[in-house]
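Here's upload-v7.pdb, which has PDB, C-alpha atoms:
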MODEL        1
ATOM      1  CA  MET A   1      52.064  59.729   0.533
ATOM      2  CA  THR A   2      49.170  57.305   0.995
ATOM      3  CA  ALA A   3      48.059  55.500  -2.180
ATOM      4  CA  PRO A   4      44.435  56.085  -3.149
ATOM      5  CA  ARG A   5      42.021  53.386  -1.951
ATOM      6  CA  ARG A   6      41.052  51.075  -4.795
ATOM      7  CA  PRO A   7      37.309  50.699  -5.502
ATOM      8  CA  ARG A   8      35.831  47.431  -4.382
ATOM      9  CA  LYS A   9      35.057  44.987  -7.131
ATOM     10  CA  ARG A  10      31.393  44.719  -6.298
ATOM     11  CA  ARG A  11      30.687  42.799  -9.445
ATOM     12  CA  ASN A  12      32.654  39.921  -7.921
ATOM     13  CA  PHE A  13      29.765  39.545  -5.482
ATOM     14  CA  LEU A  14      26.972  39.659  -8.029
ATOM     15  CA  VAL A  15      27.069  36.150  -9.505
ATOM     16  CA  PRO A  16      27.635  34.277  -6.195
ATOM     17  CA  THR A  17      24.941  36.352  -4.477
ATOM     18  CA  LEU A  18      22.367  35.847  -7.207
ATOM     19  CA  SER A  19      23.180  32.134  -7.430
ATOM     20  CA  THR A  20      22.841  31.751  -3.673
ATOM     21  CA  ALA A  21      19.553  33.653  -3.657
ATOM     22  CA  VAL A  22      18.113  31.436  -6.389
ATOM     23  CA  MET A  23      19.231  28.227  -4.681
ATOM     24  CA  LEU A  24      17.883  29.430  -1.329
ATOM     25  CA  ALA A  25      14.528  30.197  -2.924
ATOM     26  CA  VAL A  26      14.424  26.739  -4.488
ATOM     27  CA  LEU A  27      15.385  24.951  -1.251
ATOM     28  CA  LEU A  28      12.913  26.912   0.856
ATOM     29  CA  GLY A  29      10.200  26.375  -1.742
ATOM     30  CA  LEU A  30      10.797  22.635  -1.692
ATOM     31  CA  GLY A  31      10.645  22.631   2.097
ATOM     32  CA  VAL A  32       7.329  24.514   2.133
ATOM     33  CA  TRP A  33       5.961  22.195  -0.554
ATOM     34  CA  GLN A  34       6.852  19.158   1.557
ATOM     35  CA  LEU A  35       5.062  20.701   4.558
ATOM     36  CA  ARG A  36       1.953  21.084   2.424
ATOM     37  CA  ARG A  37       2.320  17.494   1.300
ATOM     38  CA  LEU A  38       2.651  16.508   4.959
ATOM     39  CA  ALA A  39      -0.709  18.092   5.798
ATOM     40  CA  TRP A  40      -2.278  16.402   2.760
ATOM     41  CA  LYS A  41      -0.838  12.982   3.661
ATOM     42  CA  GLU A  42      -1.917  13.302   7.300
ATOM     43  CA  GLY A  43      -5.456  13.921   6.065
ATOM     44  CA  ILE A  44      -5.325  10.709   4.015
ATOM     45  CA  LEU A  45      -3.953   8.716   6.945
ATOM     46  CA  ALA A  46      -6.650  10.087   9.241
ATOM     47  CA  ALA A  47      -9.323   9.066   6.726
ATOM     48  CA  ILE A  48      -7.806   5.566   6.483
ATOM     49  CA  ALA A  49      -7.747   5.227  10.282
ATOM     50  CA  ALA A  50     -11.392   6.308  10.465
ATOM     51  CA  ALA A  51     -12.367   3.819   7.737
ATOM     52  CA  GLU A  52     -10.486   1.057   9.516
ATOM     53  CA  ALA A  53     -12.277   1.746  12.800
ATOM     54  CA  ALA A  54     -15.705   1.987  11.160
ATOM     55  CA  PRO A  55     -17.829  -0.899   9.875
ATOM     56  CA  PRO A  56     -17.107  -1.879   6.255
ATOM     57  CA  VAL A  57     -19.238  -0.333   3.537
ATOM     58  CA  ALA A  58     -20.874  -2.171   0.679
ATOM     59  CA  LEU A  59     -18.578  -2.421  -2.319
ATOM     60  CA  PRO A  60     -19.208   0.728  -4.399
ATOM     61  CA  ALA A  61     -19.167   0.858  -8.182
ATOM     62  CA  ALA A  62     -15.863   2.756  -8.148
ATOM     63  CA  PRO A  63     -14.000   1.710  -4.999
ATOM     64  CA  THR A  64     -10.841   3.436  -3.819
ATOM     65  CA  PRO A  65      -7.774   1.644  -2.397
ATOM     66  CA  PHE A  66      -8.160   3.302   1.011
ATOM     67  CA  GLU A  67     -11.551   2.179   2.253
ATOM     68  CA  LYS A  68     -12.829  -0.949   3.958
ATOM     69  CA  VAL A  69     -15.530  -2.755   2.013
ATOM     70  CA  VAL A  70     -17.587  -5.926   2.322
ATOM     71  CA  VAL A  71     -18.784  -8.220  -0.463
ATOM     72  CA  HIS A  72     -21.296 -11.068  -0.212
ATOM     73  CA  GLY A  73     -21.078 -13.991  -2.594
ATOM     74  CA  ARG A  74     -19.735 -17.494  -3.082
ATOM     75  CA  TYR A  75     -16.343 -18.808  -4.072
ATOM     76  CA  LEU A  76     -15.864 -20.771  -7.261
ATOM     77  CA  PRO A  77     -13.431 -23.706  -7.350
ATOM     78  CA  VAL A  78     -11.057 -21.499  -9.359
ATOM     79  CA  ILE A  79      -7.795 -20.813  -7.579
ATOM     80  CA  ALA A  80      -4.333 -19.423  -8.218
ATOM     81  CA  LEU A  81      -1.308 -18.117  -6.361
ATOM     82  CA  TYR A  82       0.046 -14.593  -6.522
ATOM     83  CA  GLY A  83       3.594 -13.536  -5.703
ATOM     84  CA  ALA A  84       6.352 -15.204  -3.742
ATOM     85  CA  ASP A  85       6.899 -14.392  -0.095
ATOM     86  CA  VAL A  86       8.903 -16.148   2.617
ATOM     87  CA  ARG A  87       7.313 -16.212   6.056
ATOM     88  CA  GLU A  88       8.152 -17.767   9.378
ATOM     89  CA  THR A  89       6.060 -20.830  10.158
ATOM     90  CA  ALA A  90       6.224 -23.689  12.631
ATOM     91  CA  ARG A  91       8.489 -25.427  10.104
ATOM     92  CA  GLY A  92      10.765 -22.425   9.793
ATOM     93  CA  PRO A  93      11.074 -20.009   6.867
ATOM     94  CA  THR A  94       8.587 -21.124   4.212
ATOM     95  CA  MET A  95       7.979 -19.893   0.684
ATOM     96  CA  GLY A  96       4.424 -19.094  -0.277
ATOM     97  CA  GLY A  97       2.130 -16.547  -1.872
ATOM     98  CA  GLN A  98      -1.317 -15.005  -1.805
ATOM     99  CA  LEU A  99      -4.208 -17.396  -2.390
ATOM    100  CA  LEU A 100      -6.360 -16.029  -5.213
ATOM    101  CA  GLN A 101      -9.916 -17.258  -5.484
ATOM    102  CA  VAL A 102     -12.831 -16.132  -7.631
ATOM    103  CA  LEU A 103     -15.840 -14.728  -5.782
ATOM    104  CA  VAL A 104     -19.218 -14.430  -7.488
ATOM    105  CA  PRO A 105     -21.086 -11.566  -5.790
ATOM    106  CA  ALA A 106     -24.817 -11.144  -5.592
ATOM    107  CA  ALA A 107     -24.559  -8.446  -8.263
ATOM    108  CA  GLY A 108     -21.825  -7.539 -10.690
ATOM    109  CA  PRO A 109     -19.044  -9.507 -12.363
ATOM    110  CA  PRO A 110     -16.887 -12.101 -10.613
ATOM    111  CA  LEU A 111     -13.901 -10.665  -8.789
ATOM    112  CA  LEU A 112     -10.547 -11.932  -7.665
ATOM    113  CA  VAL A 113     -10.077 -12.145  -3.914
ATOM    114  CA  ALA A 114      -6.632 -12.412  -2.367
ATOM    115  CA  ARG A 115      -7.611 -14.410   0.690
ATOM    116  CA  GLY A 116      -4.190 -14.332   2.303
ATOM    117  CA  TRP A 117      -0.816 -16.010   2.422
ATOM    118  CA  ILE A 118      -0.487 -19.774   2.080
ATOM    119  CA  PRO A 119       2.646 -21.925   1.755
ATOM    120  CA  ASP A 120       3.626 -23.462  -1.542
ATOM    121  CA  GLY A 121       1.968 -26.839  -1.955
ATOM    122  CA  ALA A 122      -1.218 -25.876  -0.111
ATOM    123  CA  LEU A 123      -3.083 -24.516  -3.128
ATOM    124  CA  ALA A 124      -4.955 -27.723  -3.957
ATOM    125  CA  ALA A 125      -6.631 -27.750  -0.533
ATOM    126  CA  PHE A 126      -8.750 -24.762  -1.551
ATOM    127  CA  ALA A 127      -9.798 -26.028  -5.007
ATOM    128  CA  GLU A 128     -13.443 -26.512  -4.157
ATOM    129  CA  ALA A 129     -16.604 -24.427  -4.211
ATOM    130  CA  ALA A 130     -17.699 -22.792  -0.976
ATOM    131  CA  PRO A 131     -21.065 -21.735   0.426
ATOM    132  CA  ALA A 132     -22.132 -18.119   0.658
ATOM    133  CA  VAL A 133     -19.551 -15.941   2.405
ATOM    134  CA  SER A 134     -19.007 -12.320   3.366
ATOM    135  CA  VAL A 135     -15.539 -10.994   2.614
ATOM    136  CA  THR A 136     -14.221  -7.827   4.224
ATOM    137  CA  GLY A 137     -11.162  -6.172   2.755
ATOM    138  CA  PHE A 138      -9.771  -3.375   0.628
ATOM    139  CA  VAL A 139      -9.426  -2.884  -3.090
ATOM    140  CA  ARG A 140      -6.144  -3.087  -4.970
ATOM    141  CA  LEU A 141      -6.045  -1.648  -8.471
ATOM    142  CA  PRO A 142      -4.387  -3.494 -11.378
ATOM    143  CA  ALA A 143      -0.602  -3.547 -11.507
ATOM    144  CA  ARG A 144       1.819  -3.632 -14.387
ATOM    145  CA  PRO A 145       4.904  -5.819 -14.555
ATOM    146  CA  GLY A 146       8.215  -4.100 -13.875
ATOM    147  CA  TRP A 147      11.624  -4.701 -15.384
ATOM    148  CA  PHE A 148      12.467  -7.369 -12.812
ATOM    149  CA  THR A 149       9.009  -8.906 -12.328
ATOM    150  CA  PRO A 150       9.074 -12.661 -13.034
ATOM    151  CA  ARG A 151       6.881 -13.934 -15.807
ATOM    152  CA  ASP A 152       3.484 -15.334 -14.902
ATOM    153  CA  ASP A 153       3.188 -19.122 -15.049
ATOM    154  CA  PRO A 154      -0.473 -19.875 -15.821
ATOM    155  CA  GLY A 155       0.276 -23.584 -16.243
ATOM    156  CA  ARG A 156       1.243 -23.765 -12.586
ATOM    157  CA  LEU A 157      -1.418 -21.243 -11.548
ATOM    158  CA  ARG A 158       1.307 -18.859 -10.368
ATOM    159  CA  PHE A 159       1.145 -15.142 -11.137
ATOM    160  CA  TYR A 160       3.556 -12.352 -10.250
ATOM    161  CA  THR A 161       1.634  -9.328 -11.550
ATOM    162  CA  LEU A 162      -1.711  -8.645  -9.915
ATOM    163  CA  ASP A 163      -3.633  -7.840 -13.100
ATOM    164  CA  PRO A 164      -7.214  -9.163 -12.784
ATOM    165  CA  ALA A 165      -7.874  -9.070 -16.536
ATOM    166  CA  ARG A 166      -4.837 -11.209 -17.403
ATOM    167  CA  ILE A 167      -5.317 -13.564 -14.477
ATOM    168  CA  GLY A 168      -9.038 -13.907 -15.154
ATOM    169  CA  ASP A 169      -8.372 -14.698 -18.794
ATOM    170  CA  ALA A 170      -5.808 -17.330 -17.809
ATOM    171  CA  LEU A 171      -8.340 -18.873 -15.422
ATOM    172  CA  GLY A 172     -11.024 -19.039 -18.122
ATOM    173  CA  LEU A 173     -13.210 -16.200 -16.874
ATOM    174  CA  LYS A 174     -15.120 -14.290 -19.552
ATOM    175  CA  THR A 175     -15.484 -11.213 -17.367
ATOM    176  CA  VAL A 176     -13.857 -10.128 -14.130
ATOM    177  CA  ALA A 177     -13.947  -6.986 -12.001
ATOM    178  CA  PRO A 178     -11.082  -4.559 -12.799
ATOM    179  CA  PHE A 179      -9.619  -4.776  -9.300
ATOM    180  CA  THR A 180      -8.647  -7.309  -6.645
ATOM    181  CA  LEU A 181     -10.226  -7.525  -3.219
ATOM    182  CA  MET A 182      -7.540  -8.030  -0.560
ATOM    183  CA  ALA A 183      -9.213  -9.885   2.300
ATOM    184  CA  MET A 184      -8.802  -8.663   5.868
ATOM    185  CA  GLY A 185      -9.408 -10.304   9.219
ATOM    186  CA  ALA A 186      -8.135 -12.947  11.574
ATOM    187  CA  PRO A 187      -6.624 -16.166  10.200
ATOM    188  CA  PRO A 188      -8.961 -19.184  10.254
ATOM    189  CA  PRO A 189      -8.233 -22.283  12.332
ATOM    190  CA  GLY A 190      -4.961 -23.681  11.079
ATOM    191  CA  GLY A 191      -3.545 -20.243  10.329
ATOM    192  CA  ILE A 192      -3.991 -20.222   6.544
ATOM    193  CA  PRO A 193      -4.822 -18.357   4.503
ATOM    194  CA  ALA A 194      -3.398 -15.473   6.567
ATOM    195  CA  PRO A 195      -5.254 -12.331   5.404
ATOM    196  CA  ALA A 196      -4.201  -8.715   5.823
ATOM    197  CA  GLU A 197      -4.699  -7.295   9.299
ATOM    198  CA  SER A 198      -5.114  -3.625   8.398
ATOM    199  CA  LEU A 199      -5.797  -1.225   5.565
ATOM    200  CA  PRO A 200      -2.754  -0.192   3.501
ATOM    201  CA  ARG A 201      -1.148   3.074   4.470
ATOM    202  CA  PRO A 202       1.011   5.163   2.129
ATOM    203  CA  PRO A 203       4.421   6.172   3.505
ATOM    204  CA  ASN A 204       4.609   9.569   5.186
ATOM    205  CA  ASN A 205       8.177  10.889   5.032
ATOM    206  CA  HIS A 206       7.315  14.470   4.150
ATOM    207  CA  LEU A 207       8.452  15.946   7.472
ATOM    208  CA  SER A 208      11.925  14.441   7.119
ATOM    209  CA  TYR A 209      12.054  15.654   3.512
ATOM    210  CA  ALA A 210      11.063  19.175   4.591
ATOM    211  CA  LEU A 211      13.703  19.209   7.326
ATOM    212  CA  THR A 212      16.271  18.052   4.789
ATOM    213  CA  TRP A 213      15.471  20.919   2.390
ATOM    214  CA  PHE A 214      15.420  23.499   5.191
ATOM    215  CA  GLY A 215      18.682  22.088   6.556
ATOM    216  CA  LEU A 216      20.319  22.406   3.147
ATOM    217  CA  ALA A 217      19.076  25.999   2.957
ATOM    218  CA  ILE A 218      20.692  26.771   6.322
ATOM    219  CA  VAL A 219      23.965  25.143   5.256
ATOM    220  CA  LEU A 220      23.945  27.148   2.038
ATOM    221  CA  ALA A 221      23.325  30.399   3.932
ATOM    222  CA  VAL A 222      26.165  29.653   6.360
ATOM    223  CA  ILE A 223      28.579  28.822   3.535
ATOM    224  CA  TYR A 224      27.640  31.991   1.703
ATOM    225  CA  GLY A 225      28.075  34.059   4.878
ATOM    226  CA  LEU A 226      31.545  32.614   5.503
ATOM    227  CA  TRP A 227      32.535  33.220   1.892
ATOM    228  CA  LEU A 228      31.227  36.776   2.024
ATOM    229  CA  ARG A 229      33.117  37.609   5.212
ATOM    230  CA  ARG A 230      36.374  36.211   3.864
ATOM    231  CA  HIS A 231      35.930  38.029   0.551
ATOM    232  CA  TRP A 232      35.269  41.352   2.259
ATOM    233  CA  ARG A 233      38.307  40.894   4.453
ATOM    234  CA  GLN A 234      40.466  40.166   1.425
ATOM    235  CA  GLU A 235      39.104  43.203  -0.376
ATOM    236  CA  GLY A 236      39.688  45.322   2.699
ATOM    237  CA  ALA A 237      43.247  44.102   3.139
ATOM    238  CA  GLY A 238      43.977  44.752  -0.532
ATOM    239  CA  GLY A 239      42.613  48.271  -0.263
ATOM    240  CA  ASP A 240      44.884  49.162   2.689
ATOM    241  CA  GLU A 241      48.074  48.372   0.812
TER     242      GLU A 241
ENDMDL
END
Could you render the structure as structure tokens?
Amino acid sequence: MTAPRRPRKRRNFLVPTLSTAVMLAVLLGLGVWQLRRLAWKEGILAAIAAAEAAPPVALPAAPTPFEKVVVHGRYLPVIALYGADVRETARGPTMGGQLLQVLVPAAGPPLLVARGWIPDGALAAFAEAAPAVSVTGFVRLPARPGWFTPRDDPGRLRFYTLDPARIGDALGLKTVAPFTLMAMGAPPPGGIPAPAESLPRPPNNHLSYALTWFGLAIVLAVIYGLWLRRHWRQEGAGGDE
């Protein structure tokens, strides 16, 4: 006489199925969110490329970090060095930093200008006033020191956090613009200071992130499918005994 078939333990499927469904929803949602971020970031990059190709605009009252601006003024004989960066030169790898100089515009408070990289020891060569100049560049907002940021050394005119208020105070400025102008253009004769050659661009890794989330969703679905098939087979074999 054949034994009655035992009912399947469907509740054994409930928790794994619900857990898988929730995780799939999360992974797919993250992937879609990254695709939206991709479209948003591509819009920013397109705007930066357009600004870079267009003539610079006059420095607005509230500049953004992703536009090319021009400022007219004169440099004061107030200089400093920001950061520490090793670059290849004719003498080999050389330590240096960004030359900071104070520009007095036609209107508004003085502002710090990062004119470009210079080697250590070259700072004194720029410690003199300059005639009227036009500086093209982009704006960099104030930074805060991190856990591993070296301490500023005002006595040696060396700063490691690009904070205009603190640097301006150390240089004896009563007022200073709340941002730094990062100069752009070709290096002058002699190669220093070496300014930035392009506008800054934020990283755009959203497509790879989206593919990662979608890939994890596919892996999860495959694992769940394999588990489900094996579980059903085991249940079926147990019911035929």
Problem - Atomic separation - atom CA of A:Val26 relative to atom CA of A:Leu211, Å - result: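 Between atom CA of A:Leu211 and atom CA of A:Val26 the gap is 14.0 Å.
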Handout entry: Computed interatomic separation between atom CA of A:Glu42 and atom CA of A:Asn204 (Å)
Key =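 Separation of atom CA of A:Glu42 and atom CA of A:Asn204: 7.8 Å.
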With the PyMOL selection byres ((chain A and resi 180) around 6) as the selection, what would be picked from this file? Answer as a PDB file with C-alpha atoms, keeping the file's coordinate frame, please.
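Contents of expr22.pdb, freshly written:
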ATOM      1  CA  LEU A 112     -10.547 -11.932  -7.665  1.00  0.00           C
ATOM      2  CA  VAL A 113     -10.077 -12.145  -3.914  1.00  0.00           C
ATOM      3  CA  VAL A 139      -9.426  -2.884  -3.090  1.00  0.00           C
ATOM      4  CA  ARG A 140      -6.144  -3.087  -4.970  1.00  0.00           C
ATOM      5  CA  PHE A 179      -9.619  -4.776  -9.300  1.00  0.00           C
ATOM      6  CA  LEU A 181     -10.226  -7.525  -3.219  1.00  0.00           C
TER       7      LEU A 181
END
Practice task
Rank nothing, just name the residue among A:Ala165, A:Leu81, A:Met95, A:Thr175 nearest to A:Gly116, using all atoms listed in the file.
Solution key: A:Leu81
Exercise for the section: Name every residue that the PyMOL selection byres ((chain A and resi 61) around 12) selects in this structure, writing the answer as a ChimeraX atom specification with chains first and numbers rising. Expected result: /A:57-60,62-64,69,71,107-109,139,177-179
Handout entry: Between atom CA of A:Pro119 and atom CA of A:Arg87, distance in Å (one decimal)
Key =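 That distance, rounded to one decimal, is 8.5 Å.
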Exercise for the section: Find, counting only C-alpha atoms, the residue in A:Ile79, A:Arg166, A:Ser208, A:Ala125 that gets nearest to A:Arg144. Expected result: A:Arg166
